[in-house]
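In what follows, a single structure is set out as structure tokens and then discussed.
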2 protein chains.
Amino acid sequence: MSVAIENFVKAIYKNDHHETHNTKPGNIAKKLGISNAAATDMAKKLATKDLLNYEKYQALQLTEKGKKMALNVIRKHRLWEALLHKMFDMSLHEIHREAELLEHETSNFLANKISDYLGNPKFDPHGDPIPNEAGEITTIDTSIALSHSKENKNYTISRLMSDDKEFFDFCSQNGLKYGNSIFVVKQFATTKMTQLLINNKTILLNEDFTKIIYVNEF
Amino acid sequence: MSVAIENFVKAIYKNDHHETHNTKPGNIAKKLGISNAAATDMAKKLATKDLLNYEKYQALQLTEKGKKMALNVIRKHRLWEALLHKMFDMSLHEIHREAELLEHETSNFLANKISDYLGNPKFDPHGDPIPNEAGEITTIDTSIALSHSKENKNYTISRLMSDDKEFFDFCSQNGLKYGNSIFVVKQFATTKMTQLLINNKTILLNEDFTKIIYVNEF
DNA sequence: ATTATTTTTTAAGTAAGCTTAAATAATATT
DNA sequence: AATATTATTTAAGCTTACTTAAAAAATAAT
Ligand SMILES: [Mn+2]
Ligand SMILES: [Mn+2]
Ligand SMILES: [Mn+2]
Ligand SMILES: [Mn+2]
């Protein structure tokens, strides 16, 4: 399947699994940087390939086949991120940028080699789960957004859900890294800010960031 | 530039550097598995992009810009081969197959990371020279085809110039590997066969193979 | 409920990278 | 040198993945 198709099913899958379900063509179009018309066209085409169900004016729904394709691409993306991070010490932003291209030109054979080499990891350096060869995510996600964390508690950072360079740069400069532990000092009710301690340093985050930083109770 | 363009300039470059100069559209078409008409079209298009000089019925000639592009793709190809061979112990055929795709989706940034990681190697696992970042091949090739080697002499294998799975499988099964040393026992004048010793085992190769195995005097 | 706004769909068109078929030029054969 | 063969080019057409503009439907606002 083409790069365009792989990116399309991937965008639907991610939209369905993270944001508030509204997987209309225009929604996907915005994410992919294409016109609404192009997205509608593509949706119709993918329906004939049994990758999704399309009904005029309704939300797009991936078939099992479509989900499998999406998860296979996501697997490759995250395996590349893990490999590049480990081997070349590339940043969270750099690995994403490269993986975005490599994911489409990677055989299942190579993906498995990478996975084996890394010890079949279940998470990538952003904390995103890595689907297995069968396209299944076997881990259960118990993490919550930092914005919903409780005061005076210890947490472990479990996920940095973004693809924004500035966010990642900020995180790496402030020790906000997958696996690191933090202590939540205060939740500011009116400003929605969160004060936390990390490596004995106090930092204050606003909701833009605390909504995309996920944590687990320690 | 697109995958089609990168493969086109690469094919011209390789043709000019290995076979008997005859870089006509049909020649390239055959290598890329496209029609002659498509090759002519592409040649005209690349001329407008200043990647090659095109004159009706004449051989195609890469410009400096075209050569540079070809060498940049070749650099990425061979760096990937070196990396995959080292990390995952993939065969000479497997690394080529994967590199053929990855070469087009690799940033210069990543290529340099790979090169650094490997210690900036000058040769890939086939013995093919790896161009540097500036697109230069700095090594001098003193090797000769095994078909032209002398009897009763020791040689080191310096290059396996092929992309054929059967050839590579044969090589790996018989210790014919980049860097290994061999002893040429006899050149058969009439049959063009070469008898050699490798790890105390005698093997007899015909010209199909001795023309693509390159060696250096020991 | 009617009107205004937004989104989706349809229609028409474009560029890249191919194809096959026919015309033309180059090369090889006799 | 004339002819046959082969290669190259031109022409016309196809598919993919997009675009913009207009029509139609859904949604939001009054
Ligand atoms: Mn990513
Ligand atoms: Mn990730
Ligand atoms: Mn190769
Ligand atoms: Mn090689």
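In the structure tokens, chains take the letters A, B, ... in the order shown, each chain's residues start at 1, and ligands count up from 1 in the order shown.
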Report as a VMD selection string the set of chain D residues whose atoms approach chain B to within 8 Å, with distances computed over only C-alpha atoms (C1' of nucleotides). chain D and resid 7 to 9
Distance cut-off 10 Å, counting only C-alpha atoms (C1' of nucleotides) - which residues of chain C neighbour chain A? Return them as a PyMOL selection string. chain C and resi 7-10
Take the residues just selected and output them with N, CA and C atoms (P, O5', C5', C4', C3', O3' and C1' of nucleotides) as a PDB file, in the first residue's frame.
```
ATOM      1  P    DT C   7     -15.942  23.621  10.156  1.00  0.00           P
ATOM      2  O5'  DT C   7     -16.579  22.399   9.338  1.00  0.00           O
ATOM      3  C5'  DT C   7     -17.620  21.634   9.926  1.00  0.00           C
ATOM      4  C4'  DT C   7     -18.132  20.637   8.904  1.00  0.00           C
ATOM      5  C3'  DT C   7     -17.021  19.878   8.180  1.00  0.00           C
ATOM      6  O3'  DT C   7     -17.236  18.504   8.424  1.00  0.00           O
ATOM      7  C1'  DT C   7     -18.617  20.733   6.634  1.00  0.00           C
ATOM      8  P    DT C   8     -16.364  17.349   7.781  1.00  0.00           P
ATOM      9  O5'  DT C   8     -17.210  16.957   6.487  1.00  0.00           O
ATOM     10  C5'  DT C   8     -18.566  16.554   6.648  1.00  0.00           C
ATOM     11  C4'  DT C   8     -19.176  16.330   5.280  1.00  0.00           C
ATOM     12  C3'  DT C   8     -18.358  15.417   4.372  1.00  0.00           C
ATOM     13  O3'  DT C   8     -19.173  14.317   4.009  1.00  0.00           O
ATOM     14  C1'  DT C   8     -19.018  17.397   3.224  1.00  0.00           C
ATOM     15  P    DT C   9     -18.632  13.150   3.091  1.00  0.00           P
ATOM     16  O5'  DT C   9     -19.034  13.658   1.637  1.00  0.00           O
ATOM     17  C5'  DT C   9     -20.417  13.799   1.331  1.00  0.00           C
ATOM     18  C4'  DT C   9     -20.587  14.478  -0.020  1.00  0.00           C
ATOM     19  C3'  DT C   9     -19.937  13.736  -1.188  1.00  0.00           C
ATOM     20  O3'  DT C   9     -20.976  13.283  -2.048  1.00  0.00           O
ATOM     21  C1'  DT C   9     -19.535  16.088  -1.296  1.00  0.00           C
ATOM     22  P    DT C  10     -20.651  12.317  -3.262  1.00  0.00           P
ATOM     23  O5'  DT C  10     -20.521  13.326  -4.488  1.00  0.00           O
ATOM     24  C5'  DT C  10     -21.607  14.190  -4.814  1.00  0.00           C
ATOM     25  C4'  DT C  10     -21.178  15.222  -5.836  1.00  0.00           C
ATOM     26  C3'  DT C  10     -20.526  14.640  -7.095  1.00  0.00           C
ATOM     27  O3'  DT C  10     -21.281  15.096  -8.213  1.00  0.00           O
ATOM     28  C1'  DT C  10     -19.279  16.464  -6.261  1.00  0.00           C
TER      29       DT C  10
END
```
Per residue of chain B within 10 Å of chain A, record the nearest atom pair and its distance in Å to one decimal, counting only C-alpha atoms, with rows in chain order and ascending residue number, as JSON lines.
```
{"residue": "B:Leu84", "atom": "CA", "partner": "A:Leu110", "partner_atom": "CA", "distance": 9.1}
{"residue": "B:Met87", "atom": "CA", "partner": "A:Tyr117", "partner_atom": "CA", "distance": 8.0}
{"residue": "B:Phe88", "atom": "CA", "partner": "A:Lys113", "partner_atom": "CA", "distance": 6.5}
{"residue": "B:Asp89", "atom": "CA", "partner": "A:Lys113", "partner_atom": "CA", "distance": 9.4}
{"residue": "B:Met90", "atom": "CA", "partner": "A:Lys113", "partner_atom": "CA", "distance": 8.9}
{"residue": "B:Glu94", "atom": "CA", "partner": "A:Leu110", "partner_atom": "CA", "distance": 9.2}
{"residue": "B:Ile95", "atom": "CA", "partner": "A:Leu110", "partner_atom": "CA", "distance": 9.5}
{"residue": "B:Arg97", "atom": "CA", "partner": "A:Ser107", "partner_atom": "CA", "distance": 9.6}
{"residue": "B:Glu98", "atom": "CA", "partner": "A:Thr106", "partner_atom": "CA", "distance": 7.3}
{"residue": "B:Ala99", "atom": "CA", "partner": "A:Glu105", "partner_atom": "CA", "distance": 9.5}
{"residue": "B:Glu100", "atom": "CA", "partner": "A:Glu105", "partner_atom": "CA", "distance": 9.4}
{"residue": "B:Leu101", "atom": "CA", "partner": "A:Glu105", "partner_atom": "CA", "distance": 5.7}
{"residue": "B:Leu102", "atom": "CA", "partner": "A:Glu105", "partner_atom": "CA", "distance": 6.0}
{"residue": "B:Glu103", "atom": "CA", "partner": "A:Glu105", "partner_atom": "CA", "distance": 9.4}
{"residue": "B:His104", "atom": "CA", "partner": "A:Glu105", "partner_atom": "CA", "distance": 8.9}
{"residue": "B:Glu105", "atom": "CA", "partner": "A:Leu101", "partner_atom": "CA", "distance": 5.7}
{"residue": "B:Thr106", "atom": "CA", "partner": "A:Glu98", "partner_atom": "CA", "distance": 7.3}
{"residue": "B:Ser107", "atom": "CA", "partner": "A:Glu98", "partner_atom": "CA", "distance": 7.5}
{"residue": "B:Phe109", "atom": "CA", "partner": "A:Glu98", "partner_atom": "CA", "distance": 9.5}
{"residue": "B:Leu110", "atom": "CA", "partner": "A:Glu98", "partner_atom": "CA", "distance": 7.7}
{"residue": "B:Lys113", "atom": "CA", "partner": "A:Phe88", "partner_atom": "CA", "distance": 6.5}
{"residue": "B:Ile114", "atom": "CA", "partner": "A:Phe88", "partner_atom": "CA", "distance": 7.7}
{"residue": "B:Asp116", "atom": "CA", "partner": "A:Phe88", "partner_atom": "CA", "distance": 9.1}
{"residue": "B:Tyr117", "atom": "CA", "partner": "A:Phe88", "partner_atom": "CA", "distance": 7.2}
```
Residue subset to file, keeping C-alpha atoms, as an mmCIF file, in the first residue's frame:
```cif
data_model
loop_
_atom_site.group_PDB
_atom_site.id
_atom_site.type_symbol
_atom_site.label_atom_id
_atom_site.label_comp_id
_atom_site.auth_asym_id
_atom_site.auth_seq_id
_atom_site.Cartn_x
_atom_site.Cartn_y
_atom_site.Cartn_z
ATOM 1 C CA LEU B 84 22.097 -3.589 9.066
ATOM 2 C CA MET B 87 23.669 -4.779 13.980
ATOM 3 C CA PHE B 88 21.332 -7.478 12.819
ATOM 4 C CA ASP B 89 23.754 -9.777 11.055
ATOM 5 C CA MET B 90 21.591 -9.694 7.955
ATOM 6 C CA GLU B 94 18.897 -8.874 2.729
ATOM 7 C CA ILE B 95 20.799 -5.686 3.492
ATOM 8 C CA ARG B 97 16.974 -5.315 -0.403
ATOM 9 C CA GLU B 98 16.205 -3.151 2.629
ATOM 10 C CA ALA B 99 18.718 -0.429 1.728
ATOM 11 C CA GLU B 100 17.117 -0.089 -1.682
ATOM 12 C CA LEU B 101 14.033 1.336 0.047
ATOM 13 C CA LEU B 102 15.543 3.103 3.046
ATOM 14 C CA GLU B 103 18.038 5.068 0.926
ATOM 15 C CA HIS B 104 15.263 7.380 -0.266
ATOM 16 C CA GLU B 105 13.801 8.203 3.119
ATOM 17 C CA THR B 106 16.961 9.025 4.994
ATOM 18 C CA SER B 107 17.909 12.589 5.906
ATOM 19 C CA PHE B 109 21.344 14.222 9.371
ATOM 20 C CA LEU B 110 20.532 10.559 9.944
ATOM 21 C CA LYS B 113 24.632 9.672 12.542
ATOM 22 C CA ILE B 114 24.875 6.223 11.016
ATOM 23 C CA ASP B 116 29.602 8.289 12.884
ATOM 24 C CA TYR B 117 28.246 5.299 14.736
#
```
Distance filter 12 Å around ligand 1, atoms: only C-alpha atoms (C1' of nucleotides) and all ligand atoms, out as JSON, numbers by chain: {"A": [10, 14, 73, 74, 75, 76, 77, 78, 79, 80, 81, 82, 84, 85, 91, 92, 93, 94, 95, 96, 97, 98, 99, 100, 101, 102, 103, 123, 124, 125, 126, 127, 128, 129, 130, 159, 160, 161, 162, 163, 164, 165, 168]}
Correct to one decimal, the distance atom CA of Ile28 of chain B-atom CA of Ala11 of chain B is 6.4 Å
Please return, as a ChimeraX atom specification, all residues of segment 44-150 of chain A that DSSP assigns to strand (DSSP E) on the basis of the backbone. /A:52-53,61-62,144-145
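Among A:Glu217, A:Asp169, A:Asp208, A:Glu64, the residue with the shortest atom-to-atom distance to Val184 of chain A, counting only C-alpha atoms, is A:Glu217.
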Alpha helix (DSSP H) call set, DSSP backbone run, segment 13-102 of chain A, as a ChimeraX atom specification: /A:13-18,25-32,36-48,64-88,92-102
Output file for the residues above (C-alpha atoms, as a CSV table (one decimal), in the first residue's frame):
```csv
chain,number,residue,atom,x,y,z
A,13,TYR,CA,-6.7,5.1,14.0
A,14,LYS,CA,-4.9,7.7,16.1
A,15,ASN,CA,-7.9,10.1,16.0
A,16,ASP,CA,-10.2,7.3,17.2
A,17,HIS,CA,-7.9,6.4,20.0
A,18,HIS,CA,-7.0,9.8,21.4
A,25,PRO,CA,-13.0,13.5,6.4
A,26,GLY,CA,-12.3,17.1,7.3
A,27,ASN,CA,-10.7,16.1,10.6
A,28,ILE,CA,-8.3,13.7,8.9
A,29,ALA,CA,-7.7,16.3,6.2
A,30,LYS,CA,-6.5,18.8,8.7
A,31,LYS,CA,-4.0,16.3,10.3
A,32,LEU,CA,-2.6,15.3,7.0
A,36,ASN,CA,-11.4,18.0,2.6
A,37,ALA,CA,-12.2,17.0,-1.0
A,38,ALA,CA,-9.0,14.9,-1.1
A,39,ALA,CA,-9.9,13.2,2.2
A,40,THR,CA,-13.4,12.3,1.0
A,41,ASP,CA,-12.0,10.9,-2.2
A,42,MET,CA,-9.5,8.8,-0.3
A,43,ALA,CA,-12.1,7.6,2.1
A,44,LYS,CA,-14.3,6.3,-0.8
A,45,LYS,CA,-11.3,4.6,-2.3
A,46,LEU,CA,-10.3,2.9,0.9
A,47,ALA,CA,-13.8,1.7,1.4
A,48,THR,CA,-13.6,-0.3,-1.9
A,64,GLU,CA,-10.3,-4.9,11.1
A,65,LYS,CA,-8.1,-5.0,8.1
A,66,GLY,CA,-7.7,-1.2,8.3
A,67,LYS,CA,-6.9,-1.3,12.0
A,68,LYS,CA,-4.3,-4.0,11.4
A,69,MET,CA,-2.6,-1.9,8.7
A,70,ALA,CA,-2.6,1.2,11.0
A,71,LEU,CA,-1.1,-0.8,13.8
A,72,ASN,CA,1.5,-2.3,11.6
A,73,VAL,CA,2.7,1.2,10.5
A,74,ILE,CA,2.6,2.4,14.1
A,75,ARG,CA,4.6,-0.6,15.2
A,76,LYS,CA,7.3,0.3,12.6
A,77,HIS,CA,7.2,4.0,13.6
A,78,ARG,CA,7.7,3.3,17.3
A,79,LEU,CA,10.4,0.6,16.7
A,80,TRP,CA,12.4,3.1,14.7
A,81,GLU,CA,12.0,5.7,17.4
A,82,ALA,CA,13.2,3.3,20.0
A,83,LEU,CA,16.2,2.2,17.9
A,84,LEU,CA,17.3,5.7,16.9
A,85,HIS,CA,17.0,6.9,20.4
A,86,LYS,CA,19.0,4.1,21.8
A,87,MET,CA,21.7,3.9,19.2
A,88,PHE,CA,22.3,7.5,18.2
A,92,LEU,CA,12.4,12.9,21.0
A,93,HIS,CA,11.7,15.2,18.2
A,94,GLU,CA,14.4,14.0,15.8
A,95,ILE,CA,13.4,10.3,16.2
A,96,HIS,CA,9.8,11.2,15.4
A,97,ARG,CA,10.8,13.1,12.3
A,98,GLU,CA,12.9,10.3,10.9
A,99,ALA,CA,10.4,7.5,11.9
A,100,GLU,CA,7.6,9.4,10.1
A,101,LEU,CA,9.5,8.6,6.8
A,102,LEU,CA,11.1,5.2,7.6
```
Any idea what's packed within 8 Å of segment 18-23 of chain C, counting only C-alpha atoms (C1' of nucleotides), ignoring anything in its chain fewer than 4 positions away? Could you give it as a ChimeraX atom specification? /B:34-35,38 /D:10,14
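For the atom pair formed by atom CA of Gly175 of chain B and atom CA of Leu118 of chain B, the distance is 23.6 Å, given to one decimal.
Excluding Gln187 of chain B itself and any same-chain residue fewer than 4 positions from it, the protein and nucleic acid residues within 12 Å of it, counting only C-alpha atoms (C1' of nucleotides), are B:Leu146, B:Ser147, B:His148, B:Ser149, B:Lys150, B:Glu151, B:Asn152, B:Lys153, B:Phe183, B:Thr191, B:Lys192, B:Met193, B:Thr194, B:Gln195, B:Leu196, B:Leu204, B:Leu205, B:Asn206, B:Glu207, B:Thr210.
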Just checking: using only C-alpha atoms and all ligand atoms, which residue out of B:Ile140, B:Ala145, B:Lys122, B:Ile203 ends up closest to ligand 4?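 Nearest candidate to ligand 4 out of B:Ile140, B:Ala145, B:Lys122, B:Ile203: B:Lys122.
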